[in-house]
Amino acid sequence: MKGIGILEYLKNHLVVGDGAIATYLYQQGAPVGTCYELYNLTHPKMIADVHQAYEQAGSKLITTNTYGANRERLERYGYGHKVTRINREAVKIARESIQSDTYIAGSIGSIVAGRVTQYDSDEYHDLYEEQATALLHAGVDIILLETFMDLQELLIAINAIRPLTDTPIVAQLSLLEVSRTRDGHSLTDAFAQLQKHGAAGVGLNCRMGPLEIIRALEKTIVPQDLLISAFPNAGRLGESDGELRYKSAPSYFGETAQLLINQGVSIIGGCCGTTPAHIQEIVQIAQSKTPITRINPPVVPEACEILSQPPKRTESTVLEKVAQKRTIICEFDPPKDLDVQSFLLGSQELYKSGVDAITLADNSLASARMSNLALGALLKSQLGIEPLIHVSCRDRNLLGQQSHLMGLHALGIDQILVITGDPTRIGDLPGASSVYDVTSFELISMIKQMNQGLAFTGRPLKQQAQFIVGSAFNPHVRQIESAVARLEKKIQAGADYAMTQPIYDKQTIIKLYEATRHLDIPIFVGIMPITGYRNALFLHNEVPGIKIADDVIRRFESISDPAVARQIGVEIAKDLLDTAMTYFPGIYLITPFSYWPMTVELTRYIREKDARAAQDSA
């Protein structure tokens with residue numbers, strides 16, 4: 001057995017850790033997408049061979065194969081009930097496959113793992129406590145927290161584990177940019193907080209290669225008495241000869257090891273892409289060295305992040321308007337072709353008739369249409385019309401979503417409607433992928449974070465966005481109370497207003513009012529005129545929740561002239577508007593099949609009726 005604990009050993013010795021497990025298993029033939037933590041039960045010899053290969057390369061600290069062995073991750077594979085067994089077996093494999101004087105680090109990885117940072121702190125506390133309890137009971141020498149992009153999640157993990165044990169905890173962050181965490185903390189601040197919460201050591205691992213980690217440490221104040229660890233990737237992941245590979249050669253790790261030691265790093269290993277050959281190069285440099293007392297850089301006060309003022313709005317928002325008067329939002333879908341002029345002509349006529357904003361769908365019904373961002377910019381710049389842009393969760397990953405929103409901000413387009421979006425399989429490109437990185441609830445919350453001057457990652461944006469965020473509302477459910485409860489959650493996430501799906505009966509409008517009158521956001525009631533008999537049949541029989549009265553359908557049955565049918569649809573819509581205008585100041589007119597003259601007539605009807613009411617009350 002080891003004669004002294006790892007903290008005592010580190011006072012006079014450098015410790016070389018091991019390298020990657022998952023990418024090394026892949027190089028040995030393990031398939032991509034596998035739950036490698038399950039290999040502790042199904043392929044224990046394969047894991048033992050990895051540990052032995054690293055120890056033979058000179059590793060003095062072997063990491064258990066438990067990076068993702070938490071309940072949340074294991075449940076994706078159907079093994080959430082095996083958390084304790086998988087973690088304890090991992091320690092047993094490590095213990096039995098290496099020499100008695102080699103230390104064992106119990107690996108615990110980030111549960112967020114690069115995804116969006118919307119999670120339940122109490123739930124994560126319990127998940128970390130469960131995994132750590134199993135590792136500690138099995139007898140690890142140190143807890144190694146790995147690949148945490150967000151300081152707040154890392155603090156949750158430490159606060160869950162620290163009360164369980166006196167075993168040292170080394171807390172490692174993974175950076176997207178040098179010297180700053182994803183949630184916006186400087187590395188200096190992060191390390192200070194980690195020490196305060198009980199970390200014996202701090203460090204960096206993953207995503208960055210050796211030199212980027214060195215650059216980060218050179219700019220960071222590390223509190224005294226904290227161990228420093230570094231487990232860099234083998235450079236950046238890139239494609240070479242049709243394969244994804246990490247670039248850094250083993251010899252490069254040997255060349256940079258001394259630079260890490262010069263920064264006061266006393267635990268050095270490797271992360272993604274590293275192999276026993278990389279570790280062997282580090283050992284050749286570190287084996288004859290002793291720890292170097294770190295000399296921090298001069299303390300430079302962190303510059304205060306001064307947010308510049310966003311461009312001033314030149315028009316009142318729909319929120320400001322609807323608080324004062326009848327407000328009409330009109331949906332006019334972008335074209336499926338390249339003809340912009342027809343769209344601009346229709347938009348101009350709608351604006352002249354009195355709509356307050358034109359809302360543009362985001363590839364509605366999962367069919368490819370012209371970019372609503374581009375058309376919104378044309379409406380604003382060429383016609384002076386305020387656009388209201390739909391933002392779908394379906395079409396963009398988080399990277400594209402934030403980029404899209406930043407572009408909207410740059411164009412001064414800040415009124416948006418967040419929707420989930422119909423799945424691509426129902427559209428005109430059914431082979432396209434539906435992204436859905438986040439739910440509409442999460443996206444609303446993240447957009448409101450941009451209004452605080454913070455990116456999705458928490459990084460400062462140097463300016464606060466001004467997004468007015470709307471939410472879709474579906475009243476066509478058996479229990480409207482459940483739909484209202486869902487809307488209430490969206491309001492909690494930051495929704496400023498709601499726009500309903502089209503309604504075709506007065507009773508539903510009244511029911512909607514009674515169910516939502518307690519809410520403190522405006523509701524824009526959706527009205528879309530019927531265009532003919534087949535359209536009525538489709539809405540009644542094929543669109544979930546929508547019911548068209550039998551007498552309404554019969555009115556269209558004998559009409560063969562499309563123009564006459566559309567006029568009947570307008571008259572029916574006017575009747576619905578009479579009720580909607582009684583209960584709601586916000587109206588959402590939906591233009592069917594780009595027949596904008598129908599919406600123009602309805603808009604004029606609303607304005608004329610309001611004008612007559614004003615005259616009567618004068």
# chains A, B, ... in the order shown; residues from 1 in each chain; ligands from 1
>>> select_by_dssp(residues="stretch 311-464 of chain A", states="alpha helix (DSSP H)", output="PyMOL selection string")
chain A and resi 318-322+340-353+372-378+398-410+440-450
>>> select_by_dssp(residues="stretch 440-585 of chain A", states="strand (DSSP E or B)", output="PyMOL selection string")
chain A and resi 454+460+463+468-473+497-502+523-527
>>> write_last_selection(atoms="N, CA and C atoms", output="mmCIF file, in the first residue's frame")
data_model
loop_
_atom_site.group_PDB
_atom_site.id
_atom_site.type_symbol
_atom_site.label_atom_id
_atom_site.label_comp_id
_atom_site.auth_asym_id
_atom_site.auth_seq_id
_atom_site.Cartn_x
_atom_site.Cartn_y
_atom_site.Cartn_z
ATOM 1 N N LEU A 454 -25.897 39.298 -21.665
ATOM 2 C CA LEU A 454 -25.146 38.053 -21.557
ATOM 3 C C LEU A 454 -25.535 37.095 -22.683
ATOM 4 N N PRO A 460 -20.181 38.097 -21.482
ATOM 5 C CA PRO A 460 -20.694 39.455 -21.702
ATOM 6 C C PRO A 460 -20.777 39.795 -23.182
ATOM 7 N N GLN A 463 -23.363 44.829 -24.793
ATOM 8 C CA GLN A 463 -24.565 45.620 -25.025
ATOM 9 C C GLN A 463 -25.765 44.766 -24.651
ATOM 10 N N ILE A 468 -38.400 41.924 -27.293
ATOM 11 C CA ILE A 468 -39.753 41.710 -26.787
ATOM 12 C C ILE A 468 -40.137 40.321 -27.271
ATOM 13 N N VAL A 469 -40.358 39.416 -26.341
ATOM 14 C CA VAL A 469 -40.476 38.002 -26.687
ATOM 15 C C VAL A 469 -41.909 37.521 -26.511
ATOM 16 N N GLY A 470 -42.461 37.016 -27.586
ATOM 17 C CA GLY A 470 -43.805 36.469 -27.548
ATOM 18 C C GLY A 470 -43.801 34.956 -27.505
ATOM 19 N N SER A 471 -44.956 34.407 -27.162
ATOM 20 C CA SER A 471 -45.116 32.962 -27.069
ATOM 21 C C SER A 471 -46.394 32.548 -27.783
ATOM 22 N N ALA A 472 -46.349 31.392 -28.403
ATOM 23 C CA ALA A 472 -47.553 30.846 -29.028
ATOM 24 C C ALA A 472 -48.450 30.229 -27.960
ATOM 25 N N PHE A 473 -49.761 30.289 -28.194
ATOM 26 C CA PHE A 473 -50.721 29.733 -27.243
ATOM 27 C C PHE A 473 -51.797 28.973 -28.008
ATOM 28 N N TYR A 497 -45.788 38.505 -24.192
ATOM 29 C CA TYR A 497 -47.133 38.496 -24.763
ATOM 30 C C TYR A 497 -47.368 37.129 -25.386
ATOM 31 N N ALA A 498 -48.607 36.866 -25.775
ATOM 32 C CA ALA A 498 -48.939 35.587 -26.401
ATOM 33 C C ALA A 498 -49.805 35.819 -27.626
ATOM 34 N N MET A 499 -49.630 34.942 -28.619
ATOM 35 C CA MET A 499 -50.439 34.968 -29.831
ATOM 36 C C MET A 499 -51.080 33.587 -29.989
ATOM 37 N N THR A 500 -52.390 33.552 -30.162
ATOM 38 C CA THR A 500 -53.077 32.267 -30.201
ATOM 39 C C THR A 500 -53.147 31.702 -31.615
ATOM 40 N N GLN A 501 -53.387 30.422 -31.687
ATOM 41 C CA GLN A 501 -53.728 29.800 -32.959
ATOM 42 C C GLN A 501 -55.098 30.327 -33.398
ATOM 43 N N PRO A 502 -55.437 30.209 -34.689
ATOM 44 C CA PRO A 502 -56.723 30.765 -35.144
ATOM 45 C C PRO A 502 -57.912 30.119 -34.444
ATOM 46 N N ILE A 523 -52.848 39.180 -24.644
ATOM 47 C CA ILE A 523 -53.125 38.037 -25.514
ATOM 48 C C ILE A 523 -53.639 38.572 -26.846
ATOM 49 N N PHE A 524 -53.012 38.176 -27.933
ATOM 50 C CA PHE A 524 -53.463 38.544 -29.274
ATOM 51 C C PHE A 524 -54.249 37.362 -29.848
ATOM 52 N N VAL A 525 -55.524 37.583 -30.085
ATOM 53 C CA VAL A 525 -56.419 36.501 -30.518
ATOM 54 C C VAL A 525 -56.248 36.252 -32.011
ATOM 55 N N GLY A 526 -55.980 35.010 -32.365
ATOM 56 C CA GLY A 526 -55.749 34.647 -33.753
ATOM 57 C C GLY A 526 -57.035 34.470 -34.539
ATOM 58 N N ILE A 527 -57.151 35.193 -35.643
ATOM 59 C CA ILE A 527 -58.297 35.073 -36.556
ATOM 60 C C ILE A 527 -57.740 34.873 -37.970
#
>>> closest_residue(among="A:Gln28, A:Gln309, A:Asn70, A:Thr314", to="A:Lys462", atoms="only C-alpha atoms")
A:Gln309
>>> atom_distance(atom1="atom CA of A:Ile509", atom2="atom CA of A:Ala323")
19.9 Å
>>> residues_around(residues="A:Gln258", least_positions_apart="2", cutoff="12 Å", atoms="only C-alpha atoms", output="list in words")
Leu14, Pro210, Leu211, Ile214, Tyr252, Phe253, Gly254, Glu255, Thr256, Leu260, Ile261, Asn262, Gln263, Gly264, Val265, Ser266, Ile268, Glu281, Ile282, Val283, Gln284, Ile285, Ala286, Gln287, Ser288, Lys289, Thr290, Pro291 and Ile292 of chain A
>>> write_last_selection(atoms="C-alpha atoms", output="PDB file, in the first residue's frame")
ATOM      1  CA  LEU A  14       5.175  16.134  -9.225  1.00  0.00           C
ATOM      2  CA  PRO A 210      -1.149  22.733 -23.624  1.00  0.00           C
ATOM      3  CA  LEU A 211      -0.280  26.223 -24.857  1.00  0.00           C
ATOM      4  CA  ILE A 214      -0.526  27.840 -20.230  1.00  0.00           C
ATOM      5  CA  TYR A 252       4.853  18.110 -28.201  1.00  0.00           C
ATOM      6  CA  PHE A 253       3.491  17.183 -24.784  1.00  0.00           C
ATOM      7  CA  GLY A 254       7.041  16.606 -23.611  1.00  0.00           C
ATOM      8  CA  GLU A 255       8.105  20.006 -24.956  1.00  0.00           C
ATOM      9  CA  THR A 256       5.289  21.847 -23.171  1.00  0.00           C
ATOM     10  CA  LEU A 260       3.223  23.823 -17.262  1.00  0.00           C
ATOM     11  CA  ILE A 261       5.551  22.988 -14.389  1.00  0.00           C
ATOM     12  CA  ASN A 262       6.857  26.563 -14.497  1.00  0.00           C
ATOM     13  CA  GLN A 263       3.295  27.751 -13.880  1.00  0.00           C
ATOM     14  CA  GLY A 264       3.207  25.804 -10.625  1.00  0.00           C
ATOM     15  CA  VAL A 265       1.295  22.825 -12.005  1.00  0.00           C
ATOM     16  CA  SER A 266       1.972  19.771  -9.863  1.00  0.00           C
ATOM     17  CA  ILE A 268      -0.091  16.882 -15.169  1.00  0.00           C
ATOM     18  CA  GLU A 281       6.777  12.105 -22.859  1.00  0.00           C
ATOM     19  CA  ILE A 282       5.499  14.062 -19.843  1.00  0.00           C
ATOM     20  CA  VAL A 283       7.096  11.544 -17.466  1.00  0.00           C
ATOM     21  CA  GLN A 284      10.501  11.995 -19.066  1.00  0.00           C
ATOM     22  CA  ILE A 285      10.361  15.700 -18.218  1.00  0.00           C
ATOM     23  CA  ALA A 286       8.628  15.506 -14.841  1.00  0.00           C
ATOM     24  CA  GLN A 287      10.266  12.502 -13.180  1.00  0.00           C
ATOM     25  CA  SER A 288      13.389  14.373 -12.125  1.00  0.00           C
ATOM     26  CA  LYS A 289      11.587  17.570 -11.150  1.00  0.00           C
ATOM     27  CA  THR A 290      10.041  18.839  -7.931  1.00  0.00           C
ATOM     28  CA  PRO A 291       7.084  21.225  -7.638  1.00  0.00           C
ATOM     29  CA  ILE A 292       7.818  24.889  -8.348  1.00  0.00           C
TER      30      ILE A 292
END
>>> closest_residue(among="A:Val299, A:Leu175, A:Cys393, A:Leu350", to="A:Pro423", atoms="only C-alpha atoms")
A:Cys393
>>> residues_around(residues="A:Leu144", least_positions_apart="6", cutoff="12 Å", atoms="only C-alpha atoms", output="VMD selection string")
chain A and resid 17 61 to 67 103 to 110 132 135 to 136 154 157 to 158 161 167 to 173 199 to 205 229 to 231 267
>>> closest_residue(among="A:Asp610, A:Asp520, A:Glu96, A:Asp141", to="A:Ile6", atoms="only C-alpha atoms")
A:Asp141
>>> closest_residue(among="A:Ala580, A:Ile143, A:His476, A:Pro562", to="A:Val543", atoms="only C-alpha atoms")
A:His476
>>> atom_distance(atom1="atom CA of A:Glu349", atom2="atom CA of A:Gln382")
13.8 Å
>>> closest_residue(among="A:Gln401, A:Gln479, A:Ser179, A:Thr424", to="A:Ala366", atoms="only C-alpha atoms")
A:Thr424
>>> residues_around(residues="A:Ala374", least_positions_apart="4", cutoff="12 Å", atoms="only C-alpha atoms", output="ChimeraX atom specification")
/A:334-335,340,360,362,369-370,378-382,387,389,404,407-408,411,413
>>> write_last_selection(atoms="N, CA and C atoms", output="PDB file, in the first residue's frame")
ATOM      1  N   PRO A 334     -43.401  34.557 -45.495  1.00  0.00           N
ATOM      2  CA  PRO A 334     -42.394  34.737 -46.552  1.00  0.00           C
ATOM      3  C   PRO A 334     -42.695  33.812 -47.726  1.00  0.00           C
ATOM      4  N   PRO A 335     -42.286  34.192 -48.921  1.00  0.00           N
ATOM      5  CA  PRO A 335     -42.576  33.366 -50.099  1.00  0.00           C
ATOM      6  C   PRO A 335     -41.745  32.089 -50.135  1.00  0.00           C
ATOM      7  N   VAL A 340     -39.547  38.612 -54.375  1.00  0.00           N
ATOM      8  CA  VAL A 340     -39.665  39.477 -53.202  1.00  0.00           C
ATOM      9  C   VAL A 340     -40.710  40.570 -53.425  1.00  0.00           C
ATOM     10  N   LEU A 360     -43.618  37.484 -39.414  1.00  0.00           N
ATOM     11  CA  LEU A 360     -43.149  36.581 -40.464  1.00  0.00           C
ATOM     12  C   LEU A 360     -42.773  35.236 -39.855  1.00  0.00           C
ATOM     13  N   ASP A 362     -41.289  31.378 -39.479  1.00  0.00           N
ATOM     14  CA  ASP A 362     -39.953  30.815 -39.651  1.00  0.00           C
ATOM     15  C   ASP A 362     -40.103  29.433 -40.293  1.00  0.00           C
ATOM     16  N   ARG A 369     -38.851  28.420 -46.831  1.00  0.00           N
ATOM     17  CA  ARG A 369     -39.282  29.728 -47.301  1.00  0.00           C
ATOM     18  C   ARG A 369     -38.118  30.701 -47.203  1.00  0.00           C
ATOM     19  N   MET A 370     -38.275  31.851 -47.804  1.00  0.00           N
ATOM     20  CA  MET A 370     -37.234  32.866 -47.743  1.00  0.00           C
ATOM     21  C   MET A 370     -36.993  33.270 -46.284  1.00  0.00           C
ATOM     22  N   LEU A 378     -35.805  44.089 -44.944  1.00  0.00           N
ATOM     23  CA  LEU A 378     -36.352  44.845 -46.077  1.00  0.00           C
ATOM     24  C   LEU A 378     -37.592  45.636 -45.665  1.00  0.00           C
ATOM     25  N   LEU A 379     -38.459  45.007 -44.879  1.00  0.00           N
ATOM     26  CA  LEU A 379     -39.660  45.710 -44.426  1.00  0.00           C
ATOM     27  C   LEU A 379     -39.283  46.961 -43.640  1.00  0.00           C
ATOM     28  N   LYS A 380     -38.295  46.805 -42.772  1.00  0.00           N
ATOM     29  CA  LYS A 380     -37.919  47.910 -41.899  1.00  0.00           C
ATOM     30  C   LYS A 380     -37.193  49.018 -42.664  1.00  0.00           C
ATOM     31  N   SER A 381     -36.260  48.620 -43.542  1.00  0.00           N
ATOM     32  CA  SER A 381     -35.418  49.617 -44.215  1.00  0.00           C
ATOM     33  C   SER A 381     -36.107  50.264 -45.416  1.00  0.00           C
ATOM     34  N   GLN A 382     -36.865  49.467 -46.182  1.00  0.00           N
ATOM     35  CA  GLN A 382     -37.454  49.996 -47.409  1.00  0.00           C
ATOM     36  C   GLN A 382     -38.860  50.559 -47.229  1.00  0.00           C
ATOM     37  N   PRO A 387     -41.278  44.771 -38.315  1.00  0.00           N
ATOM     38  CA  PRO A 387     -41.439  43.321 -38.428  1.00  0.00           C
ATOM     39  C   PRO A 387     -41.477  42.660 -37.052  1.00  0.00           C
ATOM     40  N   ILE A 389     -40.595  38.866 -35.870  1.00  0.00           N
ATOM     41  CA  ILE A 389     -39.993  37.670 -36.454  1.00  0.00           C
ATOM     42  C   ILE A 389     -40.244  36.434 -35.593  1.00  0.00           C
ATOM     43  N   HIS A 404     -28.213  34.093 -35.034  1.00  0.00           N
ATOM     44  CA  HIS A 404     -29.421  34.638 -35.656  1.00  0.00           C
ATOM     45  C   HIS A 404     -29.969  35.809 -34.835  1.00  0.00           C
ATOM     46  N   GLY A 407     -27.843  38.867 -35.037  1.00  0.00           N
ATOM     47  CA  GLY A 407     -28.093  39.547 -36.301  1.00  0.00           C
ATOM     48  C   GLY A 407     -29.369  40.368 -36.260  1.00  0.00           C
ATOM     49  N   LEU A 408     -30.420  39.819 -35.642  1.00  0.00           N
ATOM     50  CA  LEU A 408     -31.662  40.580 -35.497  1.00  0.00           C
ATOM     51  C   LEU A 408     -31.423  41.856 -34.695  1.00  0.00           C
ATOM     52  N   LEU A 411     -29.797  44.570 -36.657  1.00  0.00           N
ATOM     53  CA  LEU A 411     -30.713  45.193 -37.619  1.00  0.00           C
ATOM     54  C   LEU A 411     -31.805  46.013 -36.948  1.00  0.00           C
ATOM     55  N   ILE A 413     -34.184  44.738 -35.160  1.00  0.00           N
ATOM     56  CA  ILE A 413     -35.421  43.953 -35.146  1.00  0.00           C
ATOM     57  C   ILE A 413     -35.490  43.252 -33.792  1.00  0.00           C
TER      58      ILE A 413
END
>>> residues_around(residues="A:Arg396", least_positions_apart="4", cutoff="10 Å", atoms="only C-alpha atoms", output="list in words")
Val391, Ser392, Gly400, Gln401, Gln402, Ser403, His404, Ser433, Ser434, Val435, Tyr436, Asp437 and Val438 of chain A
>>> atom_distance(atom1="atom CA of A:His390", atom2="atom CA of A:Gln567")
28.6 Å
>>> closest_residue(among="A:Pro597, A:Gly458, A:Pro430, A:Pro592", to="A:Asp333", atoms="only C-alpha atoms")
A:Pro592
>>> residues_around(residues="A:Val318", least_positions_apart="6", cutoff="8 Å", atoms="only C-alpha atoms", output="JSON, numbers by chain")
{"A": [327, 356, 357]}
>>> write_last_selection(atoms="N, CA and C atoms", output="PDB file, in the first residue's frame")
ATOM      1  N   THR A 327     -54.516  46.977 -31.053  1.00  0.00           N
ATOM      2  CA  THR A 327     -53.274  46.705 -31.771  1.00  0.00           C
ATOM      3  C   THR A 327     -53.455  45.460 -32.629  1.00  0.00           C
ATOM      4  N   ASP A 356     -50.275  47.122 -37.164  1.00  0.00           N
ATOM      5  CA  ASP A 356     -49.213  47.712 -36.351  1.00  0.00           C
ATOM      6  C   ASP A 356     -47.876  47.004 -36.548  1.00  0.00           C
ATOM      7  N   ALA A 357     -47.921  45.750 -36.879  1.00  0.00           N
ATOM      8  CA  ALA A 357     -46.688  45.001 -37.122  1.00  0.00           C
ATOM      9  C   ALA A 357     -47.016  43.825 -38.030  1.00  0.00           C
TER      10      ALA A 357
END
>>> decode(residues="stretch 24-38 of chain A", atoms="N, CA, C and O atoms", output="PDB file, in the first residue's frame")
ATOM      1  N   TYR A  24      -9.167   6.891 -26.201  1.00  0.00           N
ATOM      2  CA  TYR A  24      -8.192   5.799 -26.313  1.00  0.00           C
ATOM      3  C   TYR A  24      -8.914   4.471 -26.577  1.00  0.00           C
ATOM      4  O   TYR A  24      -8.462   3.654 -27.386  1.00  0.00           O
ATOM      5  N   LEU A  25     -10.075   4.278 -25.922  1.00  0.00           N
ATOM      6  CA  LEU A  25     -10.864   3.069 -26.200  1.00  0.00           C
ATOM      7  C   LEU A  25     -11.325   3.058 -27.652  1.00  0.00           C
ATOM      8  O   LEU A  25     -11.333   2.005 -28.305  1.00  0.00           O
ATOM      9  N   TYR A  26     -11.696   4.232 -28.141  1.00  0.00           N
ATOM     10  CA  TYR A  26     -12.111   4.325 -29.535  1.00  0.00           C
ATOM     11  C   TYR A  26     -10.964   3.919 -30.463  1.00  0.00           C
ATOM     12  O   TYR A  26     -11.160   3.189 -31.447  1.00  0.00           O
ATOM     13  N   GLN A  27      -9.773   4.384 -30.137  1.00  0.00           N
ATOM     14  CA  GLN A  27      -8.607   4.015 -30.950  1.00  0.00           C
ATOM     15  C   GLN A  27      -8.323   2.509 -30.879  1.00  0.00           C
ATOM     16  O   GLN A  27      -7.739   1.948 -31.804  1.00  0.00           O
ATOM     17  N   GLN A  28      -8.784   1.882 -29.788  1.00  0.00           N
ATOM     18  CA  GLN A  28      -8.588   0.438 -29.650  1.00  0.00           C
ATOM     19  C   GLN A  28      -9.717  -0.368 -30.293  1.00  0.00           C
ATOM     20  O   GLN A  28      -9.717  -1.599 -30.225  1.00  0.00           O
ATOM     21  N   GLY A  29     -10.669   0.333 -30.906  1.00  0.00           N
ATOM     22  CA  GLY A  29     -11.732  -0.366 -31.623  1.00  0.00           C
ATOM     23  C   GLY A  29     -13.111  -0.278 -31.016  1.00  0.00           C
ATOM     24  O   GLY A  29     -14.074  -0.817 -31.578  1.00  0.00           O
ATOM     25  N   ALA A  30     -13.257   0.384 -29.858  1.00  0.00           N
ATOM     26  CA  ALA A  30     -14.587   0.530 -29.263  1.00  0.00           C
ATOM     27  C   ALA A  30     -15.430   1.464 -30.130  1.00  0.00           C
ATOM     28  O   ALA A  30     -14.933   2.481 -30.606  1.00  0.00           O
ATOM     29  N   PRO A  31     -16.694   1.151 -30.353  1.00  0.00           N
ATOM     30  CA  PRO A  31     -17.528   1.968 -31.251  1.00  0.00           C
ATOM     31  C   PRO A  31     -17.867   3.326 -30.654  1.00  0.00           C
ATOM     32  O   PRO A  31     -17.953   3.497 -29.441  1.00  0.00           O
ATOM     33  N   VAL A  32     -18.066   4.311 -31.529  1.00  0.00           N
ATOM     34  CA  VAL A  32     -18.485   5.645 -31.112  1.00  0.00           C
ATOM     35  C   VAL A  32     -19.929   5.582 -30.611  1.00  0.00           C
ATOM     36  O   VAL A  32     -20.735   4.791 -31.095  1.00  0.00           O
ATOM     37  N   GLY A  33     -20.267   6.415 -29.635  1.00  0.00           N
ATOM     38  CA  GLY A  33     -21.628   6.475 -29.130  1.00  0.00           C
ATOM     39  C   GLY A  33     -21.928   5.455 -28.062  1.00  0.00           C
ATOM     40  O   GLY A  33     -23.063   5.349 -27.588  1.00  0.00           O
ATOM     41  N   THR A  34     -20.930   4.701 -27.672  1.00  0.00           N
ATOM     42  CA  THR A  34     -21.105   3.689 -26.633  1.00  0.00           C
ATOM     43  C   THR A  34     -21.033   4.331 -25.252  1.00  0.00           C
ATOM     44  O   THR A  34     -20.344   5.330 -25.058  1.00  0.00           O
ATOM     45  N   CYS A  35     -21.736   3.757 -24.300  1.00  0.00           N
ATOM     46  CA  CYS A  35     -21.596   4.174 -22.907  1.00  0.00           C
ATOM     47  C   CYS A  35     -20.358   3.477 -22.351  1.00  0.00           C
ATOM     48  O   CYS A  35     -20.419   2.335 -21.893  1.00  0.00           O
ATOM     49  N   TYR A  36     -19.216   4.167 -22.415  1.00  0.00           N
ATOM     50  CA  TYR A  36     -17.960   3.547 -21.998  1.00  0.00           C
ATOM     51  C   TYR A  36     -17.936   3.229 -20.506  1.00  0.00           C
ATOM     52  O   TYR A  36     -17.218   2.315 -20.073  1.00  0.00           O
ATOM     53  N   GLU A  37     -18.710   3.950 -19.707  1.00  0.00           N
ATOM     54  CA  GLU A  37     -18.757   3.642 -18.271  1.00  0.00           C
ATOM     55  C   GLU A  37     -19.351   2.253 -18.020  1.00  0.00           C
ATOM     56  O   GLU A  37     -18.996   1.591 -17.042  1.00  0.00           O
ATOM     57  N   LEU A  38     -20.235   1.823 -18.930  1.00  0.00           N
ATOM     58  CA  LEU A  38     -20.824   0.484 -18.777  1.00  0.00           C
ATOM     59  C   LEU A  38     -19.780  -0.610 -18.983  1.00  0.00           C
ATOM     60  O   LEU A  38     -19.953  -1.746 -18.522  1.00  0.00           O
TER      61      LEU A  38
END
